[in-house]
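Structure file model_7.json (JSON, C-alpha atoms) is printed below.
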[["chain", "number", "residue", "atom", "x", "y", "z"],
["X", 5, "MET", "CA", 86.10, 33.66, 96.82],
["X", 6, "ALA", "CA", 83.32, 34.81, 99.11],
["X", 7, "THR", "CA", 83.12, 38.53, 99.67],
["X", 8, "ALA", "CA", 80.67, 41.11, 100.95],
["X", 9, "ARG", "CA", 79.38, 41.34, 97.42],
["X", 10, "PHE", "CA", 80.05, 37.86, 96.07],
["X", 11, "PRO", "CA", 78.63, 34.87, 97.96],
["X", 12, "GLY", "CA", 80.23, 31.47, 97.98],
["X", 13, "LYS", "CA", 82.07, 28.96, 100.10],
["X", 14, "SER", "CA", 85.70, 28.01, 99.88],
["X", 15, "LEU", "CA", 86.50, 24.65, 98.37],
["X", 16, "ASP", "CA", 87.45, 23.04, 101.69],
["X", 17, "VAL", "CA", 83.83, 23.37, 102.87],
["X", 18, "ALA", "CA", 82.49, 21.38, 99.95],
["X", 19, "ALA", "CA", 85.27, 18.84, 100.32],
["X", 20, "VAL", "CA", 84.04, 17.53, 103.67],
["X", 21, "ASN", "CA", 81.24, 15.60, 101.97],
["X", 22, "TRP", "CA", 83.27, 14.12, 99.14],
["X", 23, "THR", "CA", 84.01, 10.43, 99.46],
["X", 24, "ALA", "CA", 87.25, 8.85, 98.36],
["X", 25, "PRO", "CA", 87.12, 7.59, 94.79],
["X", 26, "VAL", "CA", 86.38, 3.88, 94.87],
["X", 27, "PRO", "CA", 86.07, 1.81, 91.65],
["X", 28, "GLY", "CA", 82.42, 1.13, 90.88],
["X", 29, "ARG", "CA", 81.12, 3.83, 93.28],
["X", 30, "PRO", "CA", 80.10, 7.38, 92.50],
["X", 31, "LEU", "CA", 82.41, 10.06, 93.83],
["X", 32, "CYS", "CA", 79.59, 11.90, 95.61],
["X", 33, "VAL", "CA", 77.14, 9.73, 97.55],
["X", 34, "ASN", "CA", 73.54, 10.97, 98.06],
["X", 35, "GLY", "CA", 74.41, 14.40, 96.69],
["X", 36, "THR", "CA", 71.86, 16.72, 95.05],
["X", 37, "PRO", "CA", 72.35, 16.23, 91.27],
["X", 38, "TRP", "CA", 71.66, 19.82, 90.07],
["X", 39, "ILE", "CA", 73.95, 21.33, 92.70],
["X", 40, "LEU", "CA", 76.68, 18.82, 91.87],
["X", 41, "TYR", "CA", 76.38, 19.64, 88.17],
["X", 42, "LEU", "CA", 76.12, 23.43, 88.51],
["X", 43, "LEU", "CA", 78.40, 24.18, 91.49],
["X", 44, "GLU", "CA", 80.45, 20.97, 91.77],
["X", 45, "GLU", "CA", 79.48, 20.72, 95.46],
["X", 46, "CYS", "CA", 78.39, 17.52, 97.16],
["X", 47, "VAL", "CA", 75.29, 18.49, 99.15],
["X", 48, "ASP", "CA", 73.66, 15.59, 101.00],
["X", 49, "ASN", "CA", 71.73, 17.23, 103.87],
["X", 50, "VAL", "CA", 69.05, 19.87, 104.33],
["X", 51, "TRP", "CA", 71.35, 22.42, 106.03],
["X", 52, "GLU", "CA", 73.80, 22.53, 103.14],
["X", 53, "TYR", "CA", 70.94, 22.51, 100.64],
["X", 54, "CYS", "CA", 69.39, 25.59, 102.30],
["X", 55, "SER", "CA", 72.80, 27.25, 102.41],
["X", 56, "VAL", "CA", 73.31, 26.76, 98.65],
["X", 57, "VAL", "CA", 69.80, 27.99, 97.76],
["X", 58, "ILE", "CA", 70.15, 31.08, 99.98],
["X", 59, "GLY", "CA", 73.62, 31.69, 98.51],
["X", 60, "LEU", "CA", 72.20, 31.59, 94.98],
["X", 61, "ILE", "CA", 69.48, 34.08, 95.99],
["X", 62, "SER", "CA", 72.23, 36.32, 97.33],
["X", 63, "MET", "CA", 74.15, 36.01, 94.07],
["X", 64, "PHE", "CA", 71.02, 36.85, 92.07],
["X", 65, "CYS", "CA", 70.41, 39.99, 94.17],
["X", 66, "PHE", "CA", 73.97, 41.17, 93.57],
["X", 67, "LEU", "CA", 73.70, 40.48, 89.84],
["X", 68, "LEU", "CA", 70.66, 42.76, 89.60],
["X", 69, "SER", "CA", 71.80, 45.44, 92.05],
["X", 70, "THR", "CA", 73.67, 47.75, 89.65],
["X", 71, "LEU", "CA", 71.19, 47.58, 86.75],
["X", 72, "PRO", "CA", 68.62, 50.02, 88.30],
["X", 73, "GLN", "CA", 71.36, 52.61, 88.79],
["X", 74, "VAL", "CA", 72.49, 52.22, 85.18],
["X", 75, "TYR", "CA", 68.94, 52.98, 84.06],
["X", 76, "GLU", "CA", 68.55, 55.86, 86.54],
["X", 77, "ALA", "CA", 71.77, 57.44, 85.30],
["X", 78, "TYR", "CA", 70.59, 57.13, 81.69],
["X", 79, "ARG", "CA", 67.18, 58.61, 82.53],
["X", 80, "ASN", "CA", 68.44, 61.43, 84.75],
["X", 81, "GLY", "CA", 71.58, 62.43, 82.86],
["X", 82, "LYS", "CA", 73.18, 63.98, 85.94],
["X", 83, "VAL", "CA", 74.82, 60.98, 87.56],
["X", 84, "GLU", "CA", 77.97, 62.98, 88.39],
["X", 85, "GLU", "CA", 75.88, 65.15, 90.73],
["X", 86, "ALA", "CA", 74.17, 62.22, 92.45],
["X", 87, "MET", "CA", 76.83, 59.51, 92.67],
["X", 88, "SER", "CA", 80.15, 59.75, 94.44],
["X", 89, "PHE", "CA", 83.09, 58.76, 92.26],
["X", 90, "GLY", "CA", 84.68, 57.34, 95.39],
["X", 91, "PHE", "CA", 81.74, 54.93, 95.75],
["X", 92, "LEU", "CA", 82.24, 53.66, 92.19],
["X", 93, "LEU", "CA", 86.02, 53.51, 92.52],
["X", 94, "PHE", "CA", 86.00, 51.47, 95.73],
["X", 95, "LEU", "CA", 83.26, 49.20, 94.38],
["X", 96, "PHE", "CA", 85.31, 48.51, 91.25],
["X", 97, "SER", "CA", 88.47, 47.95, 93.32],
["X", 98, "GLY", "CA", 86.59, 45.48, 95.52],
["X", 99, "ASP", "CA", 85.41, 43.50, 92.51],
["X", 100, "ILE", "CA", 88.89, 43.48, 90.95],
["X", 101, "THR", "CA", 90.49, 42.12, 94.13],
["X", 102, "SER", "CA", 87.61, 39.66, 94.49],
["X", 103, "PHE", "CA", 88.30, 38.41, 90.97],
["X", 104, "ALA", "CA", 92.00, 38.07, 91.83],
["X", 105, "GLY", "CA", 91.04, 36.02, 94.90],
["X", 106, "CYS", "CA", 88.78, 33.76, 92.82],
["X", 107, "TYR", "CA", 91.51, 33.21, 90.26],
["X", 108, "LEU", "CA", 94.34, 32.59, 92.72],
["X", 109, "THR", "CA", 92.35, 30.11, 94.82],
["X", 110, "SER", "CA", 90.92, 28.26, 91.78],
["X", 111, "GLN", "CA", 87.28, 28.89, 92.59],
["X", 112, "LEU", "CA", 84.37, 27.46, 90.61],
["X", 113, "PRO", "CA", 83.72, 28.71, 87.05],
["X", 114, "ILE", "CA", 80.29, 30.09, 88.02],
["X", 115, "GLN", "CA", 81.96, 32.26, 90.68],
["X", 116, "VAL", "CA", 84.52, 33.62, 88.22],
["X", 117, "VAL", "CA", 81.85, 34.37, 85.60],
["X", 118, "THR", "CA", 79.69, 36.14, 88.19],
["X", 119, "VAL", "CA", 82.45, 38.40, 89.45],
["X", 120, "VAL", "CA", 83.41, 39.22, 85.84],
["X", 121, "PHE", "CA", 79.80, 40.35, 85.35],
["X", 122, "TYR", "CA", 80.17, 42.60, 88.42],
["X", 123, "ILE", "CA", 83.29, 44.17, 86.91],
["X", 124, "PHE", "CA", 81.46, 44.68, 83.62],
["X", 125, "THR", "CA", 78.57, 46.54, 85.32],
["X", 126, "ASP", "CA", 81.09, 48.58, 87.36],
["X", 127, "LEU", "CA", 82.72, 49.69, 84.12],
["X", 128, "ILE", "CA", 79.33, 50.73, 82.74],
["X", 129, "LEU", "CA", 78.63, 52.83, 85.85],
["X", 130, "ILE", "CA", 82.09, 54.42, 85.78],
["X", 131, "SER", "CA", 81.79, 55.08, 82.03],
["X", 132, "GLN", "CA", 78.41, 56.75, 82.57],
["X", 133, "PHE", "CA", 79.83, 58.87, 85.36],
["X", 134, "LEU", "CA", 82.80, 60.03, 83.27],
["X", 135, "TYR", "CA", 80.62, 60.64, 80.21],
["X", 136, "TYR", "CA", 78.16, 62.88, 82.05],
["X", 137, "LYS", "CA", 80.98, 64.47, 84.04],
["X", 138, "ILE", "CA", 82.66, 65.59, 80.80],
["X", 139, "LYS", "CA", 79.36, 66.49, 79.16],
["X", 140, "ASN", "CA", 78.20, 68.61, 82.10],
["X", 141, "SER", "CA", 81.69, 69.69, 83.13],
["X", 142, "SER", "CA", 82.43, 72.98, 84.84],
["X", 143, "SER", "CA", 85.70, 74.81, 85.43],
["X", 144, "ARG", "CA", 85.87, 73.62, 89.04],
["X", 145, "LYS", "CA", 88.39, 70.97, 90.00],
["X", 146, "SER", "CA", 87.70, 68.51, 92.79],
["X", 147, "PRO", "CA", 90.66, 67.69, 95.07],
["X", 148, "VAL", "CA", 88.68, 64.72, 96.44],
["X", 149, "LEU", "CA", 88.95, 62.90, 93.10],
["X", 150, "LYS", "CA", 92.74, 63.29, 93.16],
["X", 151, "TRP", "CA", 92.88, 61.96, 96.72],
["X", 152, "LEU", "CA", 90.79, 58.95, 95.78],
["X", 153, "CYS", "CA", 93.00, 58.22, 92.78],
["X", 154, "PHE", "CA", 96.09, 58.22, 94.99],
["X", 155, "THR", "CA", 94.31, 55.94, 97.48],
["X", 156, "TRP", "CA", 93.32, 53.51, 94.75],
["X", 157, "CYS", "CA", 96.86, 53.44, 93.32],
["X", 158, "GLY", "CA", 98.28, 52.79, 96.78],
["X", 159, "ALA", "CA", 95.85, 49.95, 97.40],
["X", 160, "ALA", "CA", 96.58, 48.41, 94.01],
["X", 161, "THR", "CA", 100.31, 48.59, 94.75],
["X", 162, "SER", "CA", 99.72, 46.83, 98.08],
["X", 163, "VAL", "CA", 97.88, 44.02, 96.30],
["X", 164, "LEU", "CA", 100.72, 43.57, 93.80],
["X", 165, "LEU", "CA", 103.33, 43.54, 96.57],
["X", 166, "SER", "CA", 101.30, 40.99, 98.56],
["X", 167, "ALA", "CA", 100.93, 38.78, 95.50],
["X", 168, "SER", "CA", 104.65, 38.94, 94.67],
["X", 169, "THR", "CA", 105.99, 38.40, 98.21],
["X", 170, "SER", "CA", 103.55, 35.72, 99.36],
["X", 171, "LYS", "CA", 104.85, 32.15, 99.08],
["X", 172, "SER", "CA", 101.35, 30.69, 99.15],
["X", 173, "VAL", "CA", 98.96, 31.31, 96.27],
["X", 174, "GLU", "CA", 96.00, 30.49, 98.50],
["X", 175, "MET", "CA", 97.22, 32.95, 101.14],
["X", 176, "THR", "CA", 97.46, 35.63, 98.46],
["X", 177, "GLY", "CA", 93.86, 34.84, 97.52],
["X", 178, "TYR", "CA", 92.75, 35.32, 101.12],
["X", 179, "ILE", "CA", 94.66, 38.62, 101.29],
["X", 180, "CYS", "CA", 92.72, 39.74, 98.20],
["X", 181, "GLY", "CA", 89.52, 38.69, 99.98],
["X", 182, "TYR", "CA", 90.37, 40.89, 102.98],
["X", 183, "LEU", "CA", 91.21, 43.82, 100.71],
["X", 184, "ALA", "CA", 87.97, 43.34, 98.78],
["X", 185, "SER", "CA", 85.98, 43.52, 102.01],
["X", 186, "ILE", "CA", 87.79, 46.72, 103.00],
["X", 187, "PHE", "CA", 87.07, 48.25, 99.60],
["X", 188, "TYR", "CA", 83.37, 47.35, 99.85],
["X", 189, "LEU", "CA", 83.17, 48.90, 103.32],
["X", 190, "CYS", "CA", 84.94, 52.07, 102.17],
["X", 191, "SER", "CA", 82.68, 52.40, 99.12],
["X", 192, "ARG", "CA", 79.66, 53.51, 101.16],
["X", 193, "LEU", "CA", 81.42, 56.32, 103.03],
["X", 194, "PRO", "CA", 81.91, 58.70, 100.04],
["X", 195, "GLN", "CA", 78.28, 58.17, 98.98],
["X", 196, "LEU", "CA", 77.00, 58.85, 102.51],
["X", 197, "TYR", "CA", 78.99, 62.08, 102.56],
["X", 198, "LYS", "CA", 77.81, 63.03, 99.07],
["X", 199, "ASN", "CA", 74.16, 62.59, 100.07],
["X", 200, "PHE", "CA", 74.72, 64.56, 103.28],
["X", 201, "GLN", "CA", 76.47, 67.35, 101.40],
["X", 202, "ARG", "CA", 73.63, 67.64, 98.88],
["X", 203, "GLN", "CA", 70.90, 66.96, 101.45],
["X", 204, "SER", "CA", 69.36, 64.86, 98.69],
["X", 205, "THR", "CA", 69.44, 61.39, 97.13],
["X", 206, "GLU", "CA", 67.94, 62.48, 93.82],
["X", 207, "GLY", "CA", 69.54, 60.76, 90.83],
["X", 208, "THR", "CA", 70.45, 57.68, 92.88],
["X", 209, "SER", "CA", 68.44, 54.47, 92.59],
["X", 210, "TYR", "CA", 67.48, 53.04, 95.96],
["X", 211, "LEU", "CA", 67.20, 49.57, 94.37],
["X", 212, "LEU", "CA", 71.00, 49.57, 94.09],
["X", 213, "PHE", "CA", 71.29, 49.61, 97.88],
["X", 214, "ALA", "CA", 68.13, 47.59, 98.61],
["X", 215, "LEU", "CA", 69.28, 44.67, 96.47],
["X", 216, "ALA", "CA", 72.78, 44.93, 97.96],
["X", 217, "MET", "CA", 71.23, 44.73, 101.45],
["X", 218, "MET", "CA", 69.28, 41.61, 100.43],
["X", 219, "GLY", "CA", 72.43, 40.13, 98.91],
["X", 220, "ASN", "CA", 74.60, 40.78, 101.97],
["X", 221, "GLY", "CA", 71.89, 39.61, 104.38],
["X", 222, "THR", "CA", 71.27, 36.35, 102.55],
["X", 223, "TYR", "CA", 75.01, 35.76, 102.14],
["X", 224, "GLY", "CA", 75.55, 35.99, 105.91],
["X", 225, "LEU", "CA", 72.58, 33.69, 106.45],
["X", 226, "SER", "CA", 73.94, 31.13, 103.96],
["X", 227, "VAL", "CA", 77.19, 30.91, 105.94],
["X", 228, "ILE", "CA", 75.42, 30.58, 109.31],
["X", 229, "VAL", "CA", 72.89, 27.99, 108.10],
["X", 230, "VAL", "CA", 75.60, 25.52, 107.07],
["X", 231, "LEU", "CA", 77.21, 25.45, 110.54],
["X", 232, "PRO", "CA", 75.10, 22.56, 111.98],
["X", 233, "ALA", "CA", 76.10, 20.32, 109.04],
["X", 234, "LEU", "CA", 79.86, 20.91, 109.28],
["X", 235, "LYS", "CA", 81.88, 17.79, 110.00],
["X", 236, "GLY", "CA", 85.06, 19.73, 110.65],
["X", 237, "SER", "CA", 85.93, 22.49, 113.09],
["X", 238, "LYS", "CA", 83.27, 25.21, 113.22],
["X", 239, "GLN", "CA", 85.80, 27.64, 114.67],
["X", 240, "THR", "CA", 88.17, 27.14, 111.72],
["X", 241, "PHE", "CA", 85.29, 27.59, 109.29],
["X", 242, "ILE", "CA", 84.24, 30.89, 110.92],
["X", 243, "ILE", "CA", 87.82, 32.17, 111.00],
["X", 244, "LYS", "CA", 88.26, 31.44, 107.28],
["X", 245, "HIS", "CA", 85.04, 33.33, 106.50],
["X", 246, "LEU", "CA", 85.43, 36.07, 109.13],
["X", 247, "ALA", "CA", 86.77, 38.72, 106.76],
["X", 248, "TRP", "CA", 83.85, 38.32, 104.35],
["X", 249, "LEU", "CA", 81.30, 38.14, 107.15],
["X", 250, "ILE", "CA", 82.65, 41.38, 108.62],
["X", 251, "GLY", "CA", 82.58, 43.00, 105.19],
["X", 252, "SER", "CA", 79.09, 41.71, 104.46],
["X", 253, "LEU", "CA", 77.57, 42.77, 107.78],
["X", 254, "GLY", "CA", 79.50, 46.05, 107.77],
["X", 255, "VAL", "CA", 78.19, 47.00, 104.33],
["X", 256, "LEU", "CA", 74.69, 45.94, 105.44],
["X", 257, "ILE", "CA", 74.85, 48.37, 108.39],
["X", 258, "LEU", "CA", 76.13, 51.21, 106.18],
["X", 259, "ASP", "CA", 73.35, 50.53, 103.68],
["X", 260, "PHE", "CA", 70.84, 51.00, 106.51],
["X", 261, "LEU", "CA", 72.35, 54.48, 106.95],
["X", 262, "VAL", "CA", 71.91, 55.10, 103.22],
["X", 263, "THR", "CA", 68.29, 53.97, 103.59],
["X", 264, "ALA", "CA", 67.84, 56.49, 106.41],
["X", 265, "GLN", "CA", 69.16, 59.21, 104.09],
["X", 266, "PHE", "CA", 66.65, 58.25, 101.40],
["X", 267, "ILE", "CA", 63.86, 58.61, 103.97],
["X", 268, "MET", "CA", 65.15, 61.88, 105.47],
["X", 269, "TYR", "CA", 65.83, 63.58, 102.14],
["X", 270, "LYS", "CA", 62.65, 62.39, 100.42],
["X", 271, "LYS", "CA", 60.95, 65.79, 100.92],
["X", 272, "ASN", "CA", 63.99, 67.58, 99.49],
["X", 273, "ASN", "CA", 63.87, 65.36, 96.41],
["X", 274, "SER", "CA", 60.16, 66.13, 95.92],
["X", 275, "ALA", "CA", 60.75, 69.88, 96.36],
["X", 276, "LYS", "CA", 63.53, 69.90, 93.76],
["X", 277, "SER", "CA", 61.43, 67.92, 91.32],
["X", 278, "GLY", "CA", 58.50, 70.31, 91.84],
["X", 279, "THR", "CA", 60.74, 73.30, 91.18],
["X", 280, "LEU", "CA", 62.00, 71.81, 87.94],
["X", 281, "ILE", "CA", 58.46, 71.07, 86.76],
["X", 282, "SER", "CA", 57.21, 74.57, 87.55],
["X", 283, "VAL", "CA", 59.97, 76.43, 85.68],
["X", 284, "PRO", "CA", 58.52, 76.04, 82.15],
["X", 285, "GLU", "CA", 55.15, 77.29, 83.41],
["X", 286, "VAL", "CA", 56.57, 80.42, 85.05],
["X", 287, "GLU", "CA", 58.77, 81.57, 82.16],
["X", 288, "PRO", "CA", 55.95, 82.46, 79.72],
["X", 289, "LEU", "CA", 54.17, 84.45, 82.43],
["X", 290, "LEU", "CA", 57.27, 86.49, 83.14],
["X", 291, "CYS", "CA", 57.82, 87.12, 79.44],
["X", 292, "GLU", "CA", 54.19, 88.21, 79.06],
["X", 293, "GLU", "CA", 54.53, 90.70, 81.94],
["X", 294, "GLU", "CA", 57.63, 92.19, 80.32],
["X", 295, "GLU", "CA", 55.79, 92.68, 77.01],
["X", 296, "LEU", "CA", 52.95, 94.49, 78.81],
["X", 297, "SER", "CA", 55.39, 96.78, 80.61],
["X", 298, "TRP", "CA", 56.81, 97.90, 77.25],
["X", 299, "LEU", "CA", 53.31, 98.84, 76.17]]

Before we go any further, please render this structure as structure tokens.
Amino acid sequence: MATARFPGKSLDVAAVNWTAPVPGRPLCVNGTPWILYLLEECVDNVWEYCSVVIGLISMFCFLLSTLPQVYEAYRNGKVEEAMSFGFLLFLFSGDITSFAGCYLTSQLPIQVVTVVFYIFTDLILISQFLYYKIKNSSSRKSPVLKWLCFTWCGAATSVLLSASTSKSVEMTGYICGYLASIFYLCSRLPQLYKNFQRQSTEGTSYLLFALAMMGNGTYGLSVIVVLPALKGSKQTFIIKHLAWLIGSLGVLILDFLVTAQFIMYKKNNSAKSGTLISVPEVEPLLCEEEELSWL
């Protein structure tokens, strides 16, 4: 199930190049062997080959995107001050619904494994957030967290209702795809507000957003590149992928805004770091002055 975070093409796209099984003939004629073995797609022209390669690059970018933030959170130890819990919650919700879409529409094993890896890294990020939140907890309570929890529960309920009332399993999968795109779009808004509120991006790894931008950009390109090779209706193909294209391009635009925040607040980050470094040097001087005053 293709999403703004997870690249891929629905099975009907790959099916246009499959030949009918004839005794004594291979099922896929002139297909690229490694793609047929790895992705079970019959790719027999340069446009589809480029689309698959670009799609794999997109997948690789997404696989690596959360790892820099995991390291930054471990190094900094104040992830609850830098990251918005809403960002993590919506990201996790998007990956969960994406996984549901993959499962319900019987997508390829490599797609299922990849989205499971996304969920695993989401859980690491959320676990880090909660750990440092408890460790560095204060007596203040945030009403925003409660609001986000209610939103997440409502969205999860909507998914369950859609899955139980839909007569078509494939349609339910597409509904999950639309919901995943909405979750991915919503994920950036709490983080944008958090950065604006703090006037800083310190404690947040820019590689998280940079790799996501590369992943979303290459995903959109992989869908567009395959259009000249389509044997079916291009309009139908675009409609089927419209939700994920909107999600992908929408997240890409929002990540440009996050990039602008990293540039604007760079001086603030440097000033805060300089203040922290200078504190140990000032303390002994102050203590020394106090000792002299007693004399």

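Here CA of Tyr269 in chain X stands at a distance of 24.2 Å from CA of Gln132 in chain X.
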
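When only C-alpha atoms are used to compute distances to Ile123 in chain X, the closest of the residues X:Phe66, X:Ile243, X:Phe89, X:Met175 turns out to be X:Phe66.
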
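Closest approach to Asp48 in chain X from the set X:Gln201, X:Cys65, X:Lys244, X:Leu234 is made by X:Leu234, with distances taken over all atoms listed in the file.
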
Can you tell me, as number ranges by chain, what residues are no more than 10 Å from Glu206 in chain X when counting only C-alpha atoms, ignoring any on the same chain fewer than 3 positions away?
X: 76, 80, 82-83, 85-87, 199, 202-203, 209-210, 266, 269-270, 272-274, 276-277

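Across X:Thr70, X:Ser226, X:Ser62, X:Asn34, the tightest approach to Phe213 in chain X is made by X:Thr70 when counting all atoms listed in the file.
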
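With distances restricted to all atoms listed in the file, X:Cys180 is the closest residue to Tyr107 in chain X from X:Ile250, X:Cys180, X:Leu261, X:Val50.
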
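Restricting the calculation to all atoms listed in the file, the smallest distance between Pro72 in chain X and any of X:Leu134, X:Val229, X:Lys139, X:Thr125 is found for X:Thr125.
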
Give me the residues within 9 Å of Leu183 in chain X as a VMD selection string, counting all atoms listed in the file and dropping any in the same chain fewer than 3 places off.
chain X and resid 97 to 98 101 to 102 159 163 178 to 180 186 to 188

If we count only C-alpha atoms and set the cut-off at 9 Å, which residues sit around Leu193 in chain X, ignoring sequence neighbours fewer than 5 positions away in its own chain? Please answer as a list in words.
Gly90, Phe91, Lys198 and Leu258 of chain X

File of the preceding selection, C-alpha atoms, as a short mmCIF file (atom, residue, chain, number, x, y, z; two decimals), in the coordinates of the input:
data_model
loop_
_atom_site.label_atom_id
_atom_site.label_comp_id
_atom_site.auth_asym_id
_atom_site.auth_seq_id
_atom_site.Cartn_x
_atom_site.Cartn_y
_atom_site.Cartn_z
CA GLY X 90 84.68 57.34 95.39
CA PHE X 91 81.74 54.93 95.75
CA LYS X 198 77.81 63.03 99.07
CA LEU X 258 76.13 51.21 106.18
#

For a quick check of understanding, using all atoms listed in the file, which of X:Gly207, X:Gly35, X:Gly177, X:Gly105 has the smallest distance to Tyr78 in chain X?
X:Gly207

Gap from CA of Met63 in chain X to CA of Gly219 in chain X - Å, one decimal
6.6 Å

The distance between CA of Leu249 in chain X and CA of Thr208 in chain X is 26.5 Å
